[in-house]
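A.B. asks: I'd like to ask you about the structure that follows.
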Amino acid sequence: MGLHPLEFSECYLDSPSFREKIKSHEAELDKTNRFIKELYKDGKNLINATKQLGMAQRKFAQCLGEFQFEYIGDAKTDDEKCIDDSLQEFSSFLKNLEDQRELMMRNITETLMKPLEKFRKDQLGTVRAERKKYEKETEKYYSSLEKLLNMSAKKKEPQLQEADIQVENMKLHFQEESLTYVCKLQEIQERKKFECVEPMLAFFQTVFTFYHQGFELAKDFDHYKKALQINIQNTRSRFEGARSEVYDLMKRIREAPQEYRQTSPISCEGYLYVQEKRPPPFGSSWVKRYSTFVTKQKILHMVTFDHKSGGKIGETESVTLKSCLRKTPDVLDRRFCLELDITDRPGTVLTVQAMSSDDYKFWMQAMDGKEASGPYLARTYSKERGIDAQLNDVGLSFMKNSISAIETRGINDQGLYRVVGVSSKVQKLLSLMIDEESNEVDLSTSEDWDVKTVTSTLKLYLRSLPEPLMTYGLYKEFICLAKGGSPESRIQAVHCLVHKLPERNRKVLGLLMKHLANVAAHSKHNLMTVANLGVVFGPTLMRPQEDTVAAIMDLKFQNIVVEILIEHNEKIFADAPESWPLSPPAQIVSAPTRQSKKQSRQNRPLAVYNPQALDIQNVSAVGDGSSLTADETSMGSNESMSSQSSSASASELPAEKSDHVSLSGSLSSGSNCRAPLAGASCSAAGASAETQAGSTTEEKPEESVTSRKAKAVYPCEAEHDSELSFQVGAIFNGVTQSREPGWLEGELEGKRGLIPENYVEMLL
């Protein structure tokens with residue numbers, strides 16, 4: 001088990017276990033801060049101490065190999081596993097390079113040192129500042145609370161009211177700071193995975209570009225690098241989606257904290273001041289204890305906790321409650337007091353004091369006191385829905401009508417199911433389609449409803465059902481299967497669970513998955529790969545019954561389940577499994593992987609890896625998505641079948657606003673493919689390749705493909721006579737495969753020469 005999720009509701013309870021969770025998060029961030037500092041120091045040694053290069057590299061490799069990320073929750077995705085293992089992989093590569101002692105480094109300051117230091121100062125530094133504010137607000141609030149509770153109840157009412165207001169304001173400040181600090185802690189825990197690893201990836205790219213003798217090692221690393229880029233981008237994308245959900249949850253809790261006051265249906269928790277009587281003449285004292293009352297057994301567990309030291313004091317004391325009576329101020333000169341009759345101590349009465357008037361009513365209600373007022377019930381997780389959508393014959397007819405219209409009119413529309421329709425039109429169409437008394441609208445021919453309105457209406461219908469299509473009851477089982485097991489076992493498990501669904505649910509789900517498989521088969525045109533569709537429909541088809549941070553952390557596993565359903569819908573929805581394929585069906589087109597530029601020549605120009613280029617997709621255009629290209633969504637998902645899992649650029653949020661998220665879900669296959677990168681020309685000529693360059697245009701390649709046309713997608717400036725210079729959009733004729741790996745031969749403006757393979761796209 002990794003780090004525990006920090007629930008926002010616990011900010012209002014401020015329990016001992018909650019404080020211990022915070023301490024574990026703080027310790028992990030301190031460890032990360034020390035790790036980055038050490039890494040930064042070692043990186044400076046690599047630059048400045050060339051004479052001690054070998055020693056510095058081995059220490060650097062050791063530092064990488066010994067560090068491991070902690071994670072929130074009880075399981076990791078395949079992407080996160082790859083990221084966790086990446087530091088050990090980096091360490092291994094670096095040790096191999098050390099054996100040859102010929103490592104050329106350049107731009108390490110820009111690609112490694114500055115990003116890490118920036119992350120440490122901007123992100124970890126911010127957390128440390130928030131930590132100080134949080135500790136300060138804790139001290140202020142509990143000190144003022146103790147003063148308030150020690151005030152005499154005989155003071156004038158205006159004085160008491162003024163004191164109550166002051167403490168309440170401090171309480172609000174404390175709770176607000178607690179919410180902010182908890183949110184920031186978890187945000188940095190998730191962010192560090194890609195913020196720390198990505199600069200490492202940049203460093204390695206620079207190292208291998210200059211490393212002459214390590215070409216074979218660099219070629220092996222290239223495959224791993226591409227896979228890790230996908231892992232990083234997937235983790236980043238899921239982080240963005242989960243962060244949005246977390247902020248929404250925090251907003252809901254901030255607006256109605258009392259609804260989240262009780263965290264368990266079987267017990268109530270909070271702080272109580274307990275009167276401890278002493279023999280004369282010492283009188284009595286009041287000790288603050290964190291108390292948990294188990295409703296059914298009527299057992300009150302109490303433990304003393306010191307906020308200043310952050311630890312428990314003494315053992316947990318448990319008593320069985322017989323009755324709870326109000327303690328009036330005229331009997332005891334303190335407010336909010338309760339008198340508890342204890343069963344296991346005959347004749348003993350325990351006097352406790354609540355923290356506030358609301359807290360007093362809460363405990364009276366929980367302990368069945370005579371002055372209980374106000375419905376302090378457990379949370380109700382069912383969401384109010386403005387539309388009475390039901391999974392009946394009308395709904396099934398609507399699904400079939402919508403799917404038919406989408407496949408007939410807009411199967412190739414870019415951003416299908418991602419581009420949002422106008423909200424008012426979507427609401428109107430859904431009302432018409434599910435109204436049993438209205439005439440059915442023929443969407444396949446109607447010009448009044450565009451495709452994006454139909455797709456948004458279909459999603460809204462599924463979200464408006466009283467229970468998710470894949471049911472609350474099977475939610476945990478679906479999530480569990482996505483967290484482990486082999487690809488084949490996942491498919492079989494999904495098949496079994498699908499056949500546990502109610503018959504109508506299974507029928508509608510099968511209809512939808514068959515349709516989504518058809519959509520994915522046209523991903524070359526609509527850009528909606530299996531991974532993108534998984535992100536869109538994961539939260540729509542599956543959702544937990546409780547709104548918690550822990551549930552939000554499982555969003556990434558919902559996508560995996562939906563991807564499996566789409567890729568293997570024919571087998572999964574079959575009555576009996578005969579055989580289970582280990583790869584997606586042929587008709588499903590996963591997002592294509594573009595061939596990277598295999599620079600086989602020794603004297604390669606520097607291709608600086610720029611992590612900032614990855615952020616371009618995070619600010620891409622919203623709306624109709626017309627500015628997006630197929631390359632921006634070129635990487636598909638293998639999460640359900642291999643360790644190289646994938647997701648789209650952001651998770652679909654419960655509201656329609658999430659449809660504005662960019663289609664650019666994945667990374668290009670290599671850093672060279674985003675280019676031309678800073679200072680890099682398309683040439684990769686070296687001494688060994690130059691001897692072949694002069695004869696390349698005269699000799700026929702040993703292996704060639706049918707001559708085709710190609711279009712330049714990046715500009716290139718030739719450095720040798722055997723290569724072609726060109727601008728974006730240039731058309732090449734007679735394109736064939738060169739015998740030199742990573743290069744093509746083609747003709748441009750009457751001249752034939754070499755073309756970098758990943759600088760062009762083939763034309764049909």
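Residues are named by chain letter and number: chains run A, B, ... in the order of the structure tokens, numbers start at 1 in each chain, and ligands are numbered from 1 in the order shown.
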Once DSSP has gone over the backbone, tell me which residues of region 40-114 of chain A are in helix (DSSP H, G or I), as an NGL selection string.
C.D. replies: :A and (40-48 or 50-66 or 78-100 or 108-114)
A.B. asks: Using Å and a single decimal, report how far CA of Phe557 (chain A) sits from CA of Glu195 (chain A).
C.D. replies: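 That distance, rounded to one decimal, is 22.0 Å.
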A.B. asks: Can you pull out every residue within 12 Å of Ser424 (chain A), counting only C-alpha atoms, but drop anything in the same chain fewer than 3 positions away, and send it as a list of chain:residue names?
C.D. replies: A:Val420, A:Gly421, A:Gln427, A:Lys428, A:Leu429, A:Leu430, A:Ser431, A:Trp449, A:Thr453, A:Ser456, A:Thr457, A:Glu656
A.B. asks: Mind writing the picked residues with C-alpha atoms as a PDB file, in the first residue's frame?
C.D. replies:
```pdb
ATOM      1  CA  VAL A 420     -19.407  19.244 -27.575  1.00  0.00           C
ATOM      2  CA  GLY A 421     -22.845  20.262 -28.800  1.00  0.00           C
ATOM      3  CA  GLN A 427     -31.243  19.000 -23.501  1.00  0.00           C
ATOM      4  CA  LYS A 428     -34.067  19.580 -25.934  1.00  0.00           C
ATOM      5  CA  LEU A 429     -33.176  16.614 -28.129  1.00  0.00           C
ATOM      6  CA  LEU A 430     -32.865  14.247 -25.172  1.00  0.00           C
ATOM      7  CA  SER A 431     -36.235  15.371 -23.828  1.00  0.00           C
ATOM      8  CA  TRP A 449     -29.700  18.144 -35.293  1.00  0.00           C
ATOM      9  CA  THR A 453     -25.525  17.441 -30.797  1.00  0.00           C
ATOM     10  CA  SER A 456     -23.526  14.828 -26.768  1.00  0.00           C
ATOM     11  CA  THR A 457     -27.160  13.783 -26.297  1.00  0.00           C
ATOM     12  CA  GLU A 656     -20.275  18.567 -20.819  1.00  0.00           C
TER      13      GLU A 656
END
```
A.B. asks: Between A:Ile572, A:Met200, A:Leu460, A:Leu338, which has the minimum distance to Leu64 (chain A) (counting only C-alpha atoms)?
C.D. replies: A:Met200
A.B. asks: As a PyMOL selection string, please: the residues near region 720-725 of chain A (cut-off 6 Å, only C-alpha atoms, same-chain neighbours under 2 positions excluded).
C.D. replies: chain A and resi 693+716-718+753-754
A.B. asks: Could you tell me how far CA of Tyr759 (chain A) lies from CA of Ala218 (chain A), in Å and to one decimal?
C.D. replies: 20.1 Å
A.B. asks: With only C-alpha atoms as the counted atoms, please give the residues lying no more than 10 Å from Gln727 (chain A), apart from itself and same-chain residues fewer than 5 positions off, as a PyMOL selection string.
C.D. replies: chain A and resi 711-717
A.B. asks: Write the selection just made, keeping N, CA and C atoms, as a PDB file, in the first residue's frame?
C.D. replies:
```pdb
ATOM      1  N   LYS A 711       4.850  13.562 -48.726  1.00  0.00           N
ATOM      2  CA  LYS A 711       4.714  14.991 -48.462  1.00  0.00           C
ATOM      3  C   LYS A 711       5.533  15.361 -47.235  1.00  0.00           C
ATOM      4  N   ALA A 712       6.301  16.448 -47.329  1.00  0.00           N
ATOM      5  CA  ALA A 712       7.135  16.890 -46.208  1.00  0.00           C
ATOM      6  C   ALA A 712       6.267  17.506 -45.124  1.00  0.00           C
ATOM      7  N   VAL A 713       6.480  17.068 -43.889  1.00  0.00           N
ATOM      8  CA  VAL A 713       5.756  17.639 -42.752  1.00  0.00           C
ATOM      9  C   VAL A 713       6.667  18.514 -41.888  1.00  0.00           C
ATOM     10  N   TYR A 714       7.979  18.449 -42.123  1.00  0.00           N
ATOM     11  CA  TYR A 714       8.940  19.312 -41.446  1.00  0.00           C
ATOM     12  C   TYR A 714       9.952  19.813 -42.479  1.00  0.00           C
ATOM     13  N   PRO A 715      10.500  21.001 -42.314  1.00  0.00           N
ATOM     14  CA  PRO A 715      11.532  21.481 -43.228  1.00  0.00           C
ATOM     15  C   PRO A 715      12.875  20.824 -42.946  1.00  0.00           C
ATOM     16  N   CYS A 716      13.745  20.789 -43.947  1.00  0.00           N
ATOM     17  CA  CYS A 716      15.040  20.139 -43.798  1.00  0.00           C
ATOM     18  C   CYS A 716      16.066  20.836 -44.677  1.00  0.00           C
ATOM     19  N   GLU A 717      17.259  21.014 -44.151  1.00  0.00           N
ATOM     20  CA  GLU A 717      18.362  21.602 -44.912  1.00  0.00           C
ATOM     21  C   GLU A 717      19.466  20.555 -45.046  1.00  0.00           C
TER      22      GLU A 717
END
```
A.B. asks: One decimal, Å: what's the distance from CA of Pro544 (chain A) over to CA of Tyr461 (chain A), could you say?
C.D. replies: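 We find that CA of Pro544 (chain A) and CA of Tyr461 (chain A) lie 17.7 Å from each other.
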A.B. asks: Given only C-alpha atoms as the basis, pick out the residue of A:Asn169, A:Gln365, A:Thr138, A:Ser464 nearest to Cys11 (chain A).
C.D. replies: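 When distances to Cys11 (chain A) are compared using only C-alpha atoms, the smallest one comes from A:Thr138.
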A.B. asks: I'd like the neighbourhood of Cys324 (chain A) as a ChimeraX atom specification, where a residue qualifies if any of its atoms comes within 6 Å (using only C-alpha atoms), though same-chain residues fewer than 3 positions away should be ignored.
C.D. replies: /A:339-340,369
A.B. asks: Considering only C-alpha atoms, return as a ChimeraX atom specification whatever protein or nucleic-acid residues lie within 9 Å of Lys514 (chain A), sequence-local ones (same chain, fewer than 4 positions apart) excluded.
C.D. replies: /A:509-510,518-519,566,569-570
A.B. asks: Based on the selection just made, write all heavy atoms of those residues as a PDB file, in the first residue's frame.
C.D. replies:
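Dumped to out.pdb:
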```pdb
ATOM      1  N   LEU A 509     -25.022  -2.087 -23.583  1.00  0.00           N
ATOM      2  CA  LEU A 509     -23.564  -1.955 -23.571  1.00  0.00           C
ATOM      3  C   LEU A 509     -22.952  -2.608 -24.804  1.00  0.00           C
ATOM      4  O   LEU A 509     -22.032  -2.057 -25.422  1.00  0.00           O
ATOM      5  CB  LEU A 509     -23.003  -2.593 -22.300  1.00  0.00           C
ATOM      6  CG  LEU A 509     -21.493  -2.456 -22.085  1.00  0.00           C
ATOM      7  CD1 LEU A 509     -21.099  -0.988 -21.950  1.00  0.00           C
ATOM      8  CD2 LEU A 509     -21.051  -3.236 -20.847  1.00  0.00           C
ATOM      9  N   GLY A 510     -23.451  -3.780 -25.185  1.00  0.00           N
ATOM     10  CA  GLY A 510     -22.942  -4.438 -26.388  1.00  0.00           C
ATOM     11  C   GLY A 510     -23.203  -3.622 -27.637  1.00  0.00           C
ATOM     12  O   GLY A 510     -22.347  -3.523 -28.526  1.00  0.00           O
ATOM     13  N   ASN A 518     -16.559   0.551 -34.278  1.00  0.00           N
ATOM     14  CA  ASN A 518     -16.676   1.097 -35.635  1.00  0.00           C
ATOM     15  C   ASN A 518     -16.086   2.501 -35.696  1.00  0.00           C
ATOM     16  O   ASN A 518     -15.420   2.875 -36.665  1.00  0.00           O
ATOM     17  CB  ASN A 518     -18.141   1.112 -36.063  1.00  0.00           C
ATOM     18  CG  ASN A 518     -18.309   1.444 -37.539  1.00  0.00           C
ATOM     19  OD1 ASN A 518     -17.388   1.255 -38.348  1.00  0.00           O
ATOM     20  ND2 ASN A 518     -19.472   1.935 -37.912  1.00  0.00           N
ATOM     21  N   VAL A 519     -16.326   3.284 -34.658  1.00  0.00           N
ATOM     22  CA  VAL A 519     -15.743   4.634 -34.598  1.00  0.00           C
ATOM     23  C   VAL A 519     -14.217   4.551 -34.584  1.00  0.00           C
ATOM     24  O   VAL A 519     -13.527   5.276 -35.295  1.00  0.00           O
ATOM     25  CB  VAL A 519     -16.248   5.393 -33.354  1.00  0.00           C
ATOM     26  CG1 VAL A 519     -15.509   6.724 -33.193  1.00  0.00           C
ATOM     27  CG2 VAL A 519     -17.754   5.637 -33.455  1.00  0.00           C
ATOM     28  N   ILE A 566     -14.068  -2.193 -25.965  1.00  0.00           N
ATOM     29  CA  ILE A 566     -14.109  -1.779 -27.361  1.00  0.00           C
ATOM     30  C   ILE A 566     -13.280  -2.724 -28.228  1.00  0.00           C
ATOM     31  O   ILE A 566     -13.724  -3.187 -29.282  1.00  0.00           O
ATOM     32  CB  ILE A 566     -13.602  -0.325 -27.504  1.00  0.00           C
ATOM     33  CG1 ILE A 566     -14.524   0.649 -26.756  1.00  0.00           C
ATOM     34  CG2 ILE A 566     -13.521   0.072 -28.980  1.00  0.00           C
ATOM     35  CD1 ILE A 566     -14.013   2.066 -26.712  1.00  0.00           C
ATOM     36  N   ASN A 569     -14.944  -6.486 -28.209  1.00  0.00           N
ATOM     37  CA  ASN A 569     -16.384  -6.521 -27.963  1.00  0.00           C
ATOM     38  C   ASN A 569     -17.033  -7.795 -28.484  1.00  0.00           C
ATOM     39  O   ASN A 569     -17.964  -8.314 -27.892  1.00  0.00           O
ATOM     40  CB  ASN A 569     -17.049  -5.282 -28.560  1.00  0.00           C
ATOM     41  CG  ASN A 569     -17.011  -5.271 -30.080  1.00  0.00           C
ATOM     42  OD1 ASN A 569     -17.928  -5.743 -30.750  1.00  0.00           O
ATOM     43  ND2 ASN A 569     -15.946  -4.715 -30.659  1.00  0.00           N
ATOM     44  N   GLU A 570     -16.552  -8.332 -29.621  1.00  0.00           N
ATOM     45  CA  GLU A 570     -17.184  -9.523 -30.184  1.00  0.00           C
ATOM     46  C   GLU A 570     -17.024 -10.730 -29.269  1.00  0.00           C
ATOM     47  O   GLU A 570     -17.966 -11.496 -29.050  1.00  0.00           O
ATOM     48  CB  GLU A 570     -16.586  -9.818 -31.562  1.00  0.00           C
ATOM     49  CG  GLU A 570     -16.924  -8.769 -32.608  1.00  0.00           C
ATOM     50  CD  GLU A 570     -16.385  -9.144 -33.976  1.00  0.00           C
ATOM     51  OE1 GLU A 570     -15.756 -10.214 -34.082  1.00  0.00           O
ATOM     52  OE2 GLU A 570     -16.586  -8.378 -34.930  1.00  0.00           O
TER      53      GLU A 570
END
```
A.B. asks: Considering only C-alpha atoms, state which residue in the set A:Met433, A:Leu160, A:Leu272, A:Leu391 is at the smallest distance from Leu350 (chain A).
C.D. replies: A:Leu272
A.B. asks: Go through A:Leu481, A:Cys196, A:Ile253, A:Leu201 and flag the residue nearest Gln175 (chain A), using only C-alpha atoms for the distances.
C.D. replies: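 Among the listed residues, the smallest separation from Gln175 (chain A) belongs to A:Ile253.
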A.B. asks: Under the rule of at most 8 Å, produce a per-residue listing of region 420-476 of chain A near region 488-507 of chain A: chain, number, name, the closest pair of atoms, and the distance in Å, as a Markdown table, using only C-alpha atoms.
C.D. replies:
```
| residue | atom | partner | partner_atom | distance |
| --- | --- | --- | --- | --- |
| A:Leu469 | CA | A:Asn505 | CA | 5.8 |
| A:Met470 | CA | A:Leu501 | CA | 6.9 |
| A:Thr471 | CA | A:Leu501 | CA | 7.6 |
| A:Leu474 | CA | A:Leu497 | CA | 7.4 |
```
A.B. asks: Quick one: write out the picked residues with N, CA, C and O atoms as a PDB file, in the first residue's frame?
C.D. replies:
```pdb
ATOM      1  N   LEU A 469     -24.531   2.451 -16.488  1.00  0.00           N
ATOM      2  CA  LEU A 469     -24.837   1.295 -17.323  1.00  0.00           C
ATOM      3  C   LEU A 469     -24.128   0.043 -16.812  1.00  0.00           C
ATOM      4  O   LEU A 469     -24.654  -1.062 -16.912  1.00  0.00           O
ATOM      5  N   MET A 470     -22.922   0.201 -16.274  1.00  0.00           N
ATOM      6  CA  MET A 470     -22.172  -0.952 -15.786  1.00  0.00           C
ATOM      7  C   MET A 470     -22.386  -1.173 -14.290  1.00  0.00           C
ATOM      8  O   MET A 470     -21.662  -1.943 -13.666  1.00  0.00           O
ATOM      9  N   THR A 471     -23.346  -0.504 -13.710  1.00  0.00           N
ATOM     10  CA  THR A 471     -23.890  -0.661 -12.354  1.00  0.00           C
ATOM     11  C   THR A 471     -22.895  -0.322 -11.243  1.00  0.00           C
ATOM     12  O   THR A 471     -21.694  -0.489 -11.388  1.00  0.00           O
ATOM     13  N   LEU A 474     -21.136  -3.712  -9.627  1.00  0.00           N
ATOM     14  CA  LEU A 474     -19.973  -4.352 -10.243  1.00  0.00           C
ATOM     15  C   LEU A 474     -18.803  -3.393 -10.423  1.00  0.00           C
ATOM     16  O   LEU A 474     -17.782  -3.780 -10.991  1.00  0.00           O
TER      17      LEU A 474
END
```
A.B. asks: Give the answer as one residue: which of A:Phe194, A:Gly485, A:Gln229, A:Phe8 has the shortest atom-to-atom distance to Ala256 (chain A), using only C-alpha atoms?
C.D. replies: A:Phe8
A.B. asks: Counting only C-alpha atoms, which of A:Arg409, A:Arg236, A:Lys133, A:Lys184 gets nearest to Lys556 (chain A)?
C.D. replies: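 Using only C-alpha atoms, Lys556 (chain A) sits closest to A:Arg236.
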